[in-house]
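Okay, run34.json is below, JSON, C-alpha atoms:
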[["chain", "number", "residue", "atom", "x", "y", "z"],
["A", 1, "MET", "CA", -16.02, 15.24, -8.70],
["A", 2, "SER", "CA", -17.84, 12.36, -7.04],
["A", 3, "SER", "CA", -17.76, 11.75, -3.31],
["A", 4, "LEU", "CA", -15.68, 8.60, -3.92],
["A", 5, "GLU", "CA", -13.09, 10.61, -5.85],
["A", 6, "ILE", "CA", -13.00, 13.21, -3.09],
["A", 7, "ARG", "CA", -12.51, 10.57, -0.40],
["A", 8, "ASN", "CA", -9.73, 8.93, -2.43],
["A", 9, "ARG", "CA", -8.02, 12.28, -2.99],
["A", 10, "ASP", "CA", -8.27, 13.09, 0.72],
["A", 11, "ARG", "CA", -6.82, 9.68, 1.63],
["A", 12, "VAL", "CA", -3.85, 10.19, -0.71],
["A", 13, "ILE", "CA", -3.26, 13.67, 0.67],
["A", 14, "GLU", "CA", -3.28, 12.32, 4.23],
["A", 15, "GLU", "CA", -0.82, 9.53, 3.32],
["A", 16, "LEU", "CA", 1.48, 12.08, 1.71],
["A", 17, "ARG", "CA", 1.20, 14.36, 4.76],
["A", 18, "ILE", "CA", 2.26, 11.50, 7.05],
["A", 19, "PHE", "CA", 5.13, 10.64, 4.72],
["A", 20, "LEU", "CA", 6.34, 14.25, 4.56],
["A", 21, "LYS", "CA", 6.31, 14.38, 8.33],
["A", 22, "LYS", "CA", 8.49, 11.24, 8.46],
["A", 23, "ILE", "CA", 11.07, 12.68, 6.10],
["A", 24, "MET", "CA", 11.16, 15.94, 8.04],
["A", 25, "VAL", "CA", 12.00, 13.98, 11.17],
["A", 26, "GLU", "CA", 14.42, 11.65, 9.33],
["A", 27, "PRO", "CA", 15.78, 13.58, 6.32],
["A", 28, "GLU", "CA", 18.22, 10.76, 5.49],
["A", 29, "ILE", "CA", 15.27, 8.75, 4.15],
["A", 30, "ILE", "CA", 15.33, 10.62, 0.83],
["A", 31, "PRO", "CA", 18.98, 10.11, -0.18],
["A", 32, "HIS", "CA", 18.73, 6.51, 1.00],
["A", 33, "SER", "CA", 15.57, 5.95, -1.05],
["A", 34, "VAL", "CA", 17.12, 7.54, -4.14],
["A", 35, "ALA", "CA", 20.16, 5.27, -3.73],
["A", 36, "VAL", "CA", 17.85, 2.23, -3.51],
["A", 37, "ALA", "CA", 16.00, 3.34, -6.65],
["A", 38, "ARG", "CA", 19.30, 3.96, -8.43],
["A", 39, "GLU", "CA", 20.42, 0.41, -7.61],
["A", 40, "LEU", "CA", 17.17, -1.36, -8.52],
["A", 41, "ILE", "CA", 15.58, 0.73, -11.28],
["A", 42, "ASP", "CA", 16.63, -1.57, -14.13],
["A", 43, "HIS", "CA", 15.24, -4.78, -12.60],
["A", 44, "ASP", "CA", 12.10, -6.35, -14.07],
["A", 45, "ASP", "CA", 10.08, -5.87, -10.88],
["A", 46, "ALA", "CA", 11.70, -2.56, -9.93],
["A", 47, "ASP", "CA", 8.66, -0.99, -8.23],
["A", 48, "ASN", "CA", 8.18, -3.90, -5.84],
["A", 49, "LEU", "CA", 11.91, -4.32, -5.21],
["A", 50, "ILE", "CA", 12.37, -0.63, -4.46],
["A", 51, "ALA", "CA", 9.32, -0.59, -2.16],
["A", 52, "GLN", "CA", 10.44, -3.70, -0.30],
["A", 53, "ARG", "CA", 14.02, -2.48, 0.21],
["A", 54, "ILE", "CA", 12.82, 0.92, 1.46],
["A", 55, "ALA", "CA", 10.30, -0.72, 3.79],
["A", 56, "ASP", "CA", 13.01, -3.07, 5.11],
["A", 57, "THR", "CA", 15.60, -0.35, 5.73],
["A", 58, "THR", "CA", 13.63, 2.75, 6.83],
["A", 59, "ASN", "CA", 10.59, 3.62, 8.90],
["A", 60, "VAL", "CA", 8.64, 4.16, 5.66],
["A", 61, "LYS", "CA", 6.42, 1.11, 5.43],
["A", 62, "ILE", "CA", 5.20, 0.32, 1.94],
["A", 63, "PRO", "CA", 2.78, -2.62, 1.90],
["A", 64, "ALA", "CA", 2.82, -5.26, -0.84],
["A", 65, "GLU", "CA", -0.31, -3.70, -2.30],
["A", 66, "HIS", "CA", 0.85, -0.18, -3.07],
["A", 67, "SER", "CA", -1.49, 2.70, -2.38],
["A", 68, "ASP", "CA", -1.74, 5.64, -4.76],
["A", 69, "ALA", "CA", 0.64, 7.59, -2.49],
["A", 70, "ASP", "CA", 3.13, 4.68, -2.49],
["A", 71, "LYS", "CA", 3.02, 4.53, -6.28],
["A", 72, "LEU", "CA", 3.55, 8.27, -6.49],
["A", 73, "PHE", "CA", 6.61, 8.06, -4.19],
["A", 74, "ILE", "CA", 8.13, 5.17, -6.16],
["A", 75, "ASN", "CA", 7.48, 6.90, -9.48],
["A", 76, "LEU", "CA", 9.06, 10.12, -8.19],
["A", 77, "LEU", "CA", 12.15, 8.19, -7.08],
["A", 78, "LYS", "CA", 12.46, 6.59, -10.52],
["A", 79, "GLU", "CA", 11.96, 9.97, -12.19],
["A", 80, "VAL", "CA", 14.78, 11.49, -10.11],
["A", 81, "VAL", "CA", 17.09, 8.62, -11.05],
["A", 82, "LYS", "CA", 16.18, 8.93, -14.75],
["A", 83, "ASP", "CA", 16.78, 12.68, -14.60],
["A", 84, "GLU", "CA", 20.20, 12.02, -13.02],
["A", 85, "LYS", "CA", 21.08, 9.60, -15.81],
["A", 86, "ALA", "CA", 20.01, 12.13, -18.43],
["A", 87, "LEU", "CA", 22.45, 14.67, -17.00],
["A", 88, "TYR", "CA", 25.41, 12.38, -17.62]]

Would it be possible to restate this file's structure as structure tokens?
Amino acid sequence: MSSLEIRNRDRVIEELRIFLKKIMVEPEIIPHSVAVARELIDHDDADNLIAQRIADTTNVKIPAEHSDADKLFINLLKEVVKDEKALY
């Protein structure tokens, strides 16, 4: 693993650590974020719409240029919603 890959991995881990801390302090972020994803998942620009709505309505700030951690969070939200739909 190159030093660049290690630095990138460490950056992503730190972003995820900060995010986990936020949701431990404000656990309502997760059900709210899932609800946002549920509402917007079928739109053409779903990733950006979900990110923007979450950033506008919670203390989770997702910039227009999504980091690897942001992308992971959005993809996990969409995966949860798809799994929900598969159950019904």

Inset, instruction - To one decimal in Å, tell me the separation between CA of Thr57 (chain A) and CA of Glu15 (chain A). - result: 19.3 Å

Inset, instruction - Return the single residue from A:Ala35, A:Ile30, A:Leu87, A:Leu16 that is closest to Asp70 (chain A), with distances computed using all atoms listed in the file. - result: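 For Asp70 (chain A), the nearest of the candidates is A:Leu16.
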
Inset, instruction - In Å, rounded to a single decimal, give me how far CA of Pro27 (chain A) is from CA of Asp68 (chain A). - result: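 Computed distance, CA of Asp68 (chain A) to CA of Pro27 (chain A), equals 22.2 Å.
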
Legend entry - Minimum-distance residue to Phe19 (chain A), chosen among A:Val80, A:Ile6, A:Ala69, A:Ile74 (using only C-alpha atoms):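 Of A:Val80, A:Ile6, A:Ala69, A:Ile74, the one nearest Phe19 (chain A), counting only C-alpha atoms, is A:Ala69.
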
Inset, instruction - Please identify all polymer residues within 12 Å of Ser67 (chain A), counting all atoms listed in the file, omitting same-chain residues fewer than 3 positions from it, and present them as a PyMOL selection string. - result: chain A and resi 8-9+11-16+51+61-64+70-74

Inset, instruction - Please identify all polymer residues within 12 Å of region 36-44 of chain A, counting only C-alpha atoms, omitting same-chain residues fewer than 2 positions from it, and present them as a PyMOL selection string. - result: chain A and resi 29-34+46-58+73-85

Inset, instruction - Would you mind reading off the distance between CA of Lys22 (chain A) and CA of Arg7 (chain A), one decimal, in Å? - result: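 CA of Arg7 (chain A) lies at a distance of 22.8 Å from CA of Lys22 (chain A).
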
Once you add 3 Å to each side, what are the centre and edge lengths of the axis-aligned box holding all listed atoms of region 39-54 of chain A? One decimal in Å, as AutoDock Vina command-line options, if you can.
--center_x 14.3 --center_y -2.7 --center_z -6.3 --size_x 18.2 --size_y 13.3 --size_z 21.6

Legend entry - Nearest-residue call for Asn59 (chain A), choices A:Met1, A:Asp45, A:Asp10, A:Ile23, using only C-alpha atoms: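 Selected residue with least distance to Asn59 (chain A): A:Ile23.
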